[in-house]
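Undergrad: For reference, the structure I am asking about is given below.
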Amino acid sequence: MITFDEQQQVFHLKNKDISYIFSVEEGNLLSHLYFGPAIRHYHGERRYPRVDRGFSGNLPQSLDRTYSKDDLLQEYSGNNTGDYRVPAIVIRAANGSRLTDFRYESYKIVDGKPKLAGLPASYVKDDDEAQTLEVTLVDKTLDVQVILSYTLYKDRPVITRNARLVNTSDQEVHIEKIASMQLDLTKHDYDVVSMPGQYALERQPERQALRRGITEFSSRRNSSSHHMNPFVALVDKDTDEFQGNAMGVLLVYSGNHQFTLEKDQIDQIRLLTGINEYDFDWAVKPGDDFQTPEAIIGFSQHGLNGMSQVFHHLLRERVARGKYQYADRPIVINNWEATFFDFDDEKLDEIVKEAKPLGIEMFVLDDGWFGHRNDDNSSLGDWFVNTNKLTGGLERVAKQTHDGGMKFGLWFEPEMISVDSELYKQHPDYALHEPGRGMTLSRNQLVLDFSRKEVVDNIFNQMCKILDNVPIDYIKWDFNRNLTEVFSATAGADHQGEVSHRYILGLYDLMERLVTRYPNILFEGCSGGGGRFDAGILYYMPQSWPSDDTDAVERLKIQYGTSLVYPVSSMTAHVSVSPNQQTGRSTSFKMRGDVAMSGVFGYELDLADLSDEDREMVKEQIKFYKAHRQLIQYGDFIRLESPFDSNTVAWEFVSPDKSEALLFMFKQLHTNRFEINNTKMANLDPTKDYHDEMTGQTYGGDELMNLGLFRDPTHTGDFLSEVHYFKAN
Ligand code: GLA
């Protein structure tokens with residue numbers, strides 16, 4: 001799969017779908033040649049065409065005015081040494097220099113995929129599944145190495161990348177910037193797709209023409225953030241959901257990230273991603289090393305849906321882990337929107353009593369069970385039960401829930417501290433802050449300094465005390481603010497620029513310890529909704545809460561947008577009350593159910609308040625969901641009609657063998673134009689006949705894909721939904 005042609009000095013990473021080709025050029029510069037659909041054999045056509053270009057300097061000691069780093073497509077560019085484009089790496093040397101210039105030294109090809117120390121990453125189940133190329137580069141002046149890793153999966157159009165710096169010199173160096181990957185591409189008219197958003201409206205994809213200059217998508221919040229998900233795609237102008245080239249790059253990281261795209265003087269494109277260079281400064285002692293997070297490149301010639309499939313499969317099969325990776329995810333009742341902080345034993349018992357006969361499988365006790373927390377002003381950091389509210393402790397609630405035949409789940413927000421808490425009284429320095437400067441409050445809380453091991457240990461021990469004593473089946477892990485005053489009491493003057501990344505390493509360490517010690521607990525990520533919906537978290541937690549916005553109409557967009565990268569098995573979705581608490585919009589119980597059933601399903605409302613009719617609907621929805629849970633959670637999810645550009649919305653789930661499919665169709669607003677809309681399905685078997693259980697009709701797969709189904713134009717009203725289950729005969 002990975003070869004090195006000694007004569008041509010060309011590396012070729014190739015599987016049946018894709019090729020990635022680069023060469024060692026004059027001066028031992030690594031020159032990028034190609035990334036795209038598989039090429040059987042590279043014959044040398046793409047060597048760097050040399051031009052004497054004014055104001056693009058040449059290599060030191062070289063009289064060849066046609067060879068310049070400034071327009072050479074490279075694999076990992078240096079700083080201030082002849083390439084004026086954005087560098088991949090900036091290092092401050094002991095003498096204050098920030099110059100870098102890494103040249104090829106050697107390579108190694110290994111079977112499989114080495115692990116990344118302390119960081120989440122995609123993995124292999126056995127070494128036949130992938131090969132890894134490790135290319136060692138050296139900056140001879142600094143006497144520092146960078147090892148670029150490229151893993152090619154055998155059966156996936158996926159290459160993963162990372163970089164590791166090794167300080168082989170006898171002096172400390174400071175990394176000011178280190179990209180996980182650089183990808184230089186030849187002149188081409190691309191659009192770039194990003195995933196911006198905000199609180200309660202996460203991952204709303206945007207597509208724009210990539211123009212000259214620098215375009216950046218990033219987060220400085222020390223979180224992957226609601227505001228800009230760590231992903232971009234480069235797509236051809238004519239790429240749509242079903243056809244055209246689409247190349248996605250996903251960073252497996254939950255902190256400050258940076259995606260930089262530069263279109264240069266001759267329209268070549270550079271894409272860089274990694275930890276954000278903002279406020280980053282990492283000291284590496286002689287002999288020490290630094291590992292970057294992983295970047296995943298996924299490619300498809302079958303449009304955005306094709307690209308999404310690549311990421312869905314990889315994230316589900318080779319990033320998510322543990323007992324629940326492929327397990328039926330339980331149907332949840334969560335008390336948050338039903339009670340907020342206002343609950344007691346009696347109220348919880350009532351929810352549990354109501355839930356079981358409806359078929360609900362797990363009760364999750366949300367925020368407010370610990371310390372003396374009755375609102376969001378106190379007690380974060382005090383992970384012991386509030387016995388004023390829960391007189392029999394958590395043990396009693398867990399027992400009551402288990403006796404009722406359901407699993408029991410609990411909410412934590414491990415990274416936070418309230419000023420009004422025992423923990424803060426004992427350890428005010430545990431909160432990130434700079435002495436003498438005010439502390440920015442957000443949701444009236446502060447963030448613990450997880451760059452310090454003793455702080456992580458403290459929270460780990462508190463959580464273990466609960467988890468060792470109370471039978472808990474599930475944890476919802478929340479993170480309800482972003483970081484400010486990122487300054488650590490113990491880091492020292494020269495190491496403050498390390499705190500933000502050390503925080504993330506501390507977070508990953510805590511998650512790893514907990515998932516290892518409690519392999520039977522299902523963990524769900526959350527950050528005020530979907531503020532940390534990323535592949536790093538997915539490595540520890542197979543599902544996350546995509547948004548605090550549970551309005552069914554808004555959720556169409558949020559779930560549609562999220563599915564650009566993330567699989568349905570990672571996306572939880574709950575039915576809540578109408579009018580919706582976030583938007584005030586009224587939608588039918590059916591619409592809310594159909595949107596929520598398109599994810600990992602649950603309820604987030606007061607079951608005691610349900611009308612008899614709604615209660616019957618809940619039973620039906622649960623019955624339907626259980627019958628199709630495997631197909632929804634682990635089938636192929638295909639987007640058909642987008643809520644962003646049409647009033648009608650549709651998506652489907654198809655089983656891997658194409659023997660069954662579920663079609664969900666929604667209408668946003670009614671119009672008296674009585675539009676005739678025709679929904680065409682995709683990815684079915686054209687030679688099979690499919691029986692529609694709802695209507696009793698049978699259609700050919702070719703008919704459903706090419707003729708499609710008319711929606712009933714006389715069906716009036718806003719926010720309507722319709723579901724069809726098809727089974728191949
Ligand atoms: C966040 C979560 C909610 C809920 C609250 C509790 O906002 O997204 O689901 O858990 O915190 O405070």
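Convention: chains lettered A, B, ... in structure tokens order; per-chain residue numbering from 1; ligands numbered from 1 as shown.
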Do you have, as JSON lines, the list of residues of chain A lying at most 10 Å from ligand 1, each with its nearest atom pair and that distance in Å to one decimal, counting only C-alpha atoms and all ligand atoms and ordered by chain then number?
TA:
```
{"residue": "A:Tyr199", "atom": "CA", "partner": "ligand 1", "partner_atom_place_in_ligand_line": "7 (O)", "distance": 9.7}
{"residue": "A:Ala200", "atom": "CA", "partner": "ligand 1", "partner_atom_place_in_ligand_line": "8 (O)", "distance": 9.1}
{"residue": "A:Asn334", "atom": "CA", "partner": "ligand 1", "partner_atom_place_in_ligand_line": "9 (O)", "distance": 8.7}
{"residue": "A:Asn335", "atom": "CA", "partner": "ligand 1", "partner_atom_place_in_ligand_line": "10 (O)", "distance": 9.2}
{"residue": "A:Trp336", "atom": "CA", "partner": "ligand 1", "partner_atom_place_in_ligand_line": "4 (C)", "distance": 6.1}
{"residue": "A:Glu337", "atom": "CA", "partner": "ligand 1", "partner_atom_place_in_ligand_line": "9 (O)", "distance": 8.0}
{"residue": "A:Phe340", "atom": "CA", "partner": "ligand 1", "partner_atom_place_in_ligand_line": "6 (C)", "distance": 7.5}
{"residue": "A:Phe341", "atom": "CA", "partner": "ligand 1", "partner_atom_place_in_ligand_line": "12 (O)", "distance": 8.2}
{"residue": "A:Val364", "atom": "CA", "partner": "ligand 1", "partner_atom_place_in_ligand_line": "10 (O)", "distance": 10.0}
{"residue": "A:Leu365", "atom": "CA", "partner": "ligand 1", "partner_atom_place_in_ligand_line": "10 (O)", "distance": 9.2}
{"residue": "A:Asp366", "atom": "CA", "partner": "ligand 1", "partner_atom_place_in_ligand_line": "10 (O)", "distance": 5.6}
{"residue": "A:Asp367", "atom": "CA", "partner": "ligand 1", "partner_atom_place_in_ligand_line": "6 (C)", "distance": 4.7}
{"residue": "A:Gly368", "atom": "CA", "partner": "ligand 1", "partner_atom_place_in_ligand_line": "12 (O)", "distance": 7.6}
{"residue": "A:Asp375", "atom": "CA", "partner": "ligand 1", "partner_atom_place_in_ligand_line": "12 (O)", "distance": 8.6}
{"residue": "A:Asp376", "atom": "CA", "partner": "ligand 1", "partner_atom_place_in_ligand_line": "12 (O)", "distance": 6.9}
{"residue": "A:Leu410", "atom": "CA", "partner": "ligand 1", "partner_atom_place_in_ligand_line": "10 (O)", "distance": 10.0}
{"residue": "A:Trp411", "atom": "CA", "partner": "ligand 1", "partner_atom_place_in_ligand_line": "10 (O)", "distance": 6.9}
{"residue": "A:Phe412", "atom": "CA", "partner": "ligand 1", "partner_atom_place_in_ligand_line": "10 (O)", "distance": 8.6}
{"residue": "A:Glu413", "atom": "CA", "partner": "ligand 1", "partner_atom_place_in_ligand_line": "11 (O)", "distance": 8.5}
{"residue": "A:Arg443", "atom": "CA", "partner": "ligand 1", "partner_atom_place_in_ligand_line": "12 (O)", "distance": 9.4}
{"residue": "A:Lys476", "atom": "CA", "partner": "ligand 1", "partner_atom_place_in_ligand_line": "10 (O)", "distance": 7.7}
{"residue": "A:Trp477", "atom": "CA", "partner": "ligand 1", "partner_atom_place_in_ligand_line": "10 (O)", "distance": 8.5}
{"residue": "A:Asp478", "atom": "CA", "partner": "ligand 1", "partner_atom_place_in_ligand_line": "2 (C)", "distance": 6.4}
{"residue": "A:Phe479", "atom": "CA", "partner": "ligand 1", "partner_atom_place_in_ligand_line": "1 (C)", "distance": 7.4}
{"residue": "A:Asn480", "atom": "CA", "partner": "ligand 1", "partner_atom_place_in_ligand_line": "1 (C)", "distance": 6.0}
{"residue": "A:Arg481", "atom": "CA", "partner": "ligand 1", "partner_atom_place_in_ligand_line": "7 (O)", "distance": 9.4}
{"residue": "A:Gly525", "atom": "CA", "partner": "ligand 1", "partner_atom_place_in_ligand_line": "8 (O)", "distance": 9.4}
{"residue": "A:Cys526", "atom": "CA", "partner": "ligand 1", "partner_atom_place_in_ligand_line": "8 (O)", "distance": 5.8}
{"residue": "A:Ser527", "atom": "CA", "partner": "ligand 1", "partner_atom_place_in_ligand_line": "8 (O)", "distance": 5.6}
{"residue": "A:Gly528", "atom": "CA", "partner": "ligand 1", "partner_atom_place_in_ligand_line": "8 (O)", "distance": 3.5}
{"residue": "A:Gly529", "atom": "CA", "partner": "ligand 1", "partner_atom_place_in_ligand_line": "8 (O)", "distance": 3.8}
{"residue": "A:Gly530", "atom": "CA", "partner": "ligand 1", "partner_atom_place_in_ligand_line": "8 (O)", "distance": 7.4}
{"residue": "A:Gly531", "atom": "CA", "partner": "ligand 1", "partner_atom_place_in_ligand_line": "8 (O)", "distance": 8.7}
{"residue": "A:Ser544", "atom": "CA", "partner": "ligand 1", "partner_atom_place_in_ligand_line": "8 (O)", "distance": 9.9}
{"residue": "A:Trp545", "atom": "CA", "partner": "ligand 1", "partner_atom_place_in_ligand_line": "8 (O)", "distance": 7.1}
{"residue": "A:Pro546", "atom": "CA", "partner": "ligand 1", "partner_atom_place_in_ligand_line": "8 (O)", "distance": 8.6}
{"residue": "A:Ser547", "atom": "CA", "partner": "ligand 1", "partner_atom_place_in_ligand_line": "8 (O)", "distance": 6.8}
{"residue": "A:Asp548", "atom": "CA", "partner": "ligand 1", "partner_atom_place_in_ligand_line": "8 (O)", "distance": 5.1}
{"residue": "A:Asp549", "atom": "CA", "partner": "ligand 1", "partner_atom_place_in_ligand_line": "8 (O)", "distance": 8.8}
{"residue": "A:Thr550", "atom": "CA", "partner": "ligand 1", "partner_atom_place_in_ligand_line": "9 (O)", "distance": 9.7}
{"residue": "A:Glu604", "atom": "CA", "partner": "ligand 1", "partner_atom_place_in_ligand_line": "9 (O)", "distance": 9.2}
```
Undergrad: What would the file look like if the residues just selected were written as an mmCIF file, in the first residue's frame with C-alpha atoms?
TA:
```cif
data_model
loop_
_atom_site.group_PDB
_atom_site.id
_atom_site.type_symbol
_atom_site.label_atom_id
_atom_site.label_comp_id
_atom_site.auth_asym_id
_atom_site.auth_seq_id
_atom_site.Cartn_x
_atom_site.Cartn_y
_atom_site.Cartn_z
ATOM 1 C CA TYR A 199 -25.061 28.086 21.468
ATOM 2 C CA ALA A 200 -28.358 26.288 20.729
ATOM 3 C CA ASN A 334 -34.084 12.908 31.443
ATOM 4 C CA ASN A 335 -35.542 15.100 34.174
ATOM 5 C CA TRP A 336 -33.859 18.379 33.122
ATOM 6 C CA GLU A 337 -36.553 20.088 31.103
ATOM 7 C CA PHE A 340 -34.740 21.833 36.181
ATOM 8 C CA PHE A 341 -33.275 22.152 39.727
ATOM 9 C CA VAL A 364 -31.133 10.147 33.885
ATOM 10 C CA LEU A 365 -30.913 12.432 36.860
ATOM 11 C CA ASP A 366 -29.565 15.716 35.531
ATOM 12 C CA ASP A 367 -28.038 18.743 37.248
ATOM 13 C CA GLY A 368 -28.850 19.637 40.869
ATOM 14 C CA ASP A 375 -29.706 26.909 40.950
ATOM 15 C CA ASP A 376 -26.633 27.362 38.801
ATOM 16 C CA LEU A 410 -26.296 10.670 36.422
ATOM 17 C CA TRP A 411 -25.116 14.149 35.377
ATOM 18 C CA PHE A 412 -21.640 15.487 36.196
ATOM 19 C CA GLU A 413 -19.750 18.604 35.224
ATOM 20 C CA ARG A 443 -22.998 30.805 33.966
ATOM 21 C CA LYS A 476 -23.793 12.689 31.155
ATOM 22 C CA TRP A 477 -20.565 14.717 31.164
ATOM 23 C CA ASP A 478 -21.286 18.406 30.834
ATOM 24 C CA PHE A 479 -19.039 21.421 30.195
ATOM 25 C CA ASN A 480 -21.043 24.601 30.491
ATOM 26 C CA ARG A 481 -18.644 27.416 29.797
ATOM 27 C CA GLY A 525 -20.665 14.086 26.158
ATOM 28 C CA CYS A 526 -22.386 17.439 26.478
ATOM 29 C CA SER A 527 -21.343 21.063 26.579
ATOM 30 C CA GLY A 528 -24.337 23.310 27.046
ATOM 31 C CA GLY A 529 -25.726 21.221 24.236
ATOM 32 C CA GLY A 530 -23.254 20.585 21.427
ATOM 33 C CA GLY A 531 -20.312 22.772 22.388
ATOM 34 C CA SER A 544 -23.067 13.351 22.733
ATOM 35 C CA TRP A 545 -25.913 15.813 23.161
ATOM 36 C CA PRO A 546 -25.841 17.919 19.974
ATOM 37 C CA SER A 547 -27.787 20.936 21.213
ATOM 38 C CA ASP A 548 -29.814 22.343 24.089
ATOM 39 C CA ASP A 549 -32.250 23.374 21.391
ATOM 40 C CA THR A 550 -34.831 20.580 21.375
ATOM 41 C CA GLU A 604 -36.989 15.245 28.211
#
```
Undergrad: According to DSSP computed on the backbone, where in region 372-482 of chain A is there strand (DSSP E or B)? Give the residues as a ChimeraX atom specification.
TA: /A:378,385,407-412,416-417,420,431,442,445-448,474-477
Undergrad: Can those selected residues be exported to a file as a PDB file, in the first residue's frame so that it contains C-alpha atoms?
TA:
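Final output, saved to part25.pdb:
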```
ATOM      1  CA  SER A 378     -23.226  26.943  43.541  1.00  0.00           C
ATOM      2  CA  VAL A 385     -25.128  14.055  47.238  1.00  0.00           C
ATOM      3  CA  LYS A 407     -31.071   1.750  34.052  1.00  0.00           C
ATOM      4  CA  PHE A 408     -29.898   4.724  36.083  1.00  0.00           C
ATOM      5  CA  GLY A 409     -27.846   7.626  34.751  1.00  0.00           C
ATOM      6  CA  LEU A 410     -26.296  10.670  36.422  1.00  0.00           C
ATOM      7  CA  TRP A 411     -25.116  14.149  35.377  1.00  0.00           C
ATOM      8  CA  PHE A 412     -21.640  15.487  36.196  1.00  0.00           C
ATOM      9  CA  MET A 416     -15.997  23.176  36.800  1.00  0.00           C
ATOM     10  CA  ILE A 417     -15.918  24.891  40.162  1.00  0.00           C
ATOM     11  CA  ASP A 420     -19.801  28.905  46.435  1.00  0.00           C
ATOM     12  CA  ALA A 431      -9.670  27.665  39.535  1.00  0.00           C
ATOM     13  CA  SER A 442     -19.814  32.477  32.740  1.00  0.00           C
ATOM     14  CA  GLN A 445     -18.944  29.377  37.361  1.00  0.00           C
ATOM     15  CA  LEU A 446     -15.172  29.003  36.999  1.00  0.00           C
ATOM     16  CA  VAL A 447     -13.056  26.339  35.330  1.00  0.00           C
ATOM     17  CA  LEU A 448     -10.767  23.990  37.203  1.00  0.00           C
ATOM     18  CA  TYR A 474     -24.615   6.083  32.424  1.00  0.00           C
ATOM     19  CA  ILE A 475     -22.926   9.443  32.874  1.00  0.00           C
ATOM     20  CA  LYS A 476     -23.793  12.689  31.155  1.00  0.00           C
ATOM     21  CA  TRP A 477     -20.565  14.717  31.164  1.00  0.00           C
TER      22      TRP A 477
END
```
Undergrad: If you count only C-alpha atoms, which residues fall within 9 Å of Gln496 (chain A), apart from same-chain ones fewer than 6 positions away, as a list in words?
TA: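 Listing them by chain and then by number gives Asp279, Phe280, Asp281, Trp282, Val486, Phe487 and Ser488 of chain A.
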Undergrad: Generate the output file for the selected residues, all heavy atoms, as a PDB file, in the first residue's frame.
TA:
```pdb
ATOM      1  N   ASP A 279      -1.754  31.930  21.749  1.00  0.00           N
ATOM      2  CA  ASP A 279      -1.322  31.748  23.139  1.00  0.00           C
ATOM      3  C   ASP A 279      -0.638  30.402  23.393  1.00  0.00           C
ATOM      4  O   ASP A 279      -0.620  29.924  24.530  1.00  0.00           O
ATOM      5  CB  ASP A 279      -2.524  31.867  24.104  1.00  0.00           C
ATOM      6  CG  ASP A 279      -2.708  33.304  24.577  1.00  0.00           C
ATOM      7  OD1 ASP A 279      -1.909  34.163  24.180  1.00  0.00           O
ATOM      8  OD2 ASP A 279      -3.654  33.548  25.343  1.00  0.00           O
ATOM      9  N   PHE A 280      -0.120  29.809  22.337  1.00  0.00           N
ATOM     10  CA  PHE A 280       0.518  28.501  22.508  1.00  0.00           C
ATOM     11  C   PHE A 280       2.030  28.677  22.541  1.00  0.00           C
ATOM     12  O   PHE A 280       2.611  29.358  21.693  1.00  0.00           O
ATOM     13  CB  PHE A 280       0.123  27.590  21.342  1.00  0.00           C
ATOM     14  CG  PHE A 280       0.712  26.207  21.415  1.00  0.00           C
ATOM     15  CD1 PHE A 280       0.157  25.250  22.244  1.00  0.00           C
ATOM     16  CD2 PHE A 280       1.828  25.865  20.660  1.00  0.00           C
ATOM     17  CE1 PHE A 280       0.699  23.964  22.320  1.00  0.00           C
ATOM     18  CE2 PHE A 280       2.378  24.592  20.730  1.00  0.00           C
ATOM     19  CZ  PHE A 280       1.806  23.645  21.565  1.00  0.00           C
ATOM     20  N   ASP A 281       2.658  28.082  23.519  1.00  0.00           N
ATOM     21  CA  ASP A 281       4.112  28.178  23.653  1.00  0.00           C
ATOM     22  C   ASP A 281       4.551  26.991  24.514  1.00  0.00           C
ATOM     23  O   ASP A 281       4.259  26.951  25.702  1.00  0.00           O
ATOM     24  CB  ASP A 281       4.455  29.508  24.344  1.00  0.00           C
ATOM     25  CG  ASP A 281       5.949  29.771  24.371  1.00  0.00           C
ATOM     26  OD1 ASP A 281       6.731  28.828  24.657  1.00  0.00           O
ATOM     27  OD2 ASP A 281       6.356  30.901  24.119  1.00  0.00           O
ATOM     28  N   TRP A 282       5.171  26.030  23.887  1.00  0.00           N
ATOM     29  CA  TRP A 282       5.436  24.764  24.584  1.00  0.00           C
ATOM     30  C   TRP A 282       6.941  24.512  24.644  1.00  0.00           C
ATOM     31  O   TRP A 282       7.597  24.407  23.612  1.00  0.00           O
ATOM     32  CB  TRP A 282       4.745  23.622  23.841  1.00  0.00           C
ATOM     33  CG  TRP A 282       4.707  22.339  24.608  1.00  0.00           C
ATOM     34  CD1 TRP A 282       5.744  21.458  24.756  1.00  0.00           C
ATOM     35  CD2 TRP A 282       3.611  21.789  25.322  1.00  0.00           C
ATOM     36  NE1 TRP A 282       5.344  20.397  25.527  1.00  0.00           N
ATOM     37  CE2 TRP A 282       4.038  20.566  25.890  1.00  0.00           C
ATOM     38  CE3 TRP A 282       2.287  22.198  25.542  1.00  0.00           C
ATOM     39  CZ2 TRP A 282       3.195  19.756  26.647  1.00  0.00           C
ATOM     40  CZ3 TRP A 282       1.456  21.391  26.310  1.00  0.00           C
ATOM     41  CH2 TRP A 282       1.915  20.181  26.857  1.00  0.00           C
ATOM     42  N   VAL A 486      -6.620  31.843  31.253  1.00  0.00           N
ATOM     43  CA  VAL A 486      -5.917  30.553  31.224  1.00  0.00           C
ATOM     44  C   VAL A 486      -4.506  30.783  31.763  1.00  0.00           C
ATOM     45  O   VAL A 486      -3.576  31.127  31.040  1.00  0.00           O
ATOM     46  CB  VAL A 486      -5.897  29.973  29.793  1.00  0.00           C
ATOM     47  CG1 VAL A 486      -5.173  28.633  29.774  1.00  0.00           C
ATOM     48  CG2 VAL A 486      -7.327  29.809  29.282  1.00  0.00           C
ATOM     49  N   PHE A 487      -4.390  30.661  33.063  1.00  0.00           N
ATOM     50  CA  PHE A 487      -3.131  30.890  33.774  1.00  0.00           C
ATOM     51  C   PHE A 487      -3.136  29.925  34.947  1.00  0.00           C
ATOM     52  O   PHE A 487      -4.112  29.825  35.672  1.00  0.00           O
ATOM     53  CB  PHE A 487      -3.067  32.346  34.278  1.00  0.00           C
ATOM     54  CG  PHE A 487      -1.772  32.694  34.952  1.00  0.00           C
ATOM     55  CD1 PHE A 487      -0.736  33.295  34.232  1.00  0.00           C
ATOM     56  CD2 PHE A 487      -1.576  32.421  36.303  1.00  0.00           C
ATOM     57  CE1 PHE A 487       0.469  33.617  34.854  1.00  0.00           C
ATOM     58  CE2 PHE A 487      -0.372  32.736  36.929  1.00  0.00           C
ATOM     59  CZ  PHE A 487       0.656  33.340  36.205  1.00  0.00           C
ATOM     60  N   SER A 488      -2.046  29.200  35.090  1.00  0.00           N
ATOM     61  CA  SER A 488      -2.010  28.179  36.128  1.00  0.00           C
ATOM     62  C   SER A 488      -1.123  28.617  37.284  1.00  0.00           C
ATOM     63  O   SER A 488      -0.018  29.131  37.064  1.00  0.00           O
ATOM     64  CB  SER A 488      -1.472  26.873  35.529  1.00  0.00           C
ATOM     65  OG  SER A 488      -1.279  25.933  36.548  1.00  0.00           O
TER      66      SER A 488
END
```
Undergrad: Please list as a PyMOL selection string every residue within 12 Å of Val24 (chain A), counting only C-alpha atoms and excluding residues in the same chain fewer than 6 positions away.
TA: chain A and resi 4-12+30-33+47-48+72-75+103-107+135-137
Undergrad: For a test of reading the model, state the distance in Å between CA of Tyr20 (chain A) and CA of Phe35 (chain A), rounded to one decimal.
TA: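 These two atoms are separated by 4.5 Å.
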Undergrad: Can you work out the spacing between CA of Asp457 (chain A) and CA of Ser500 (chain A) in Å, to one decimal?
TA: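 Atom-to-atom, CA of Asp457 (chain A) to CA of Ser500 (chain A), that is 18.0 Å.
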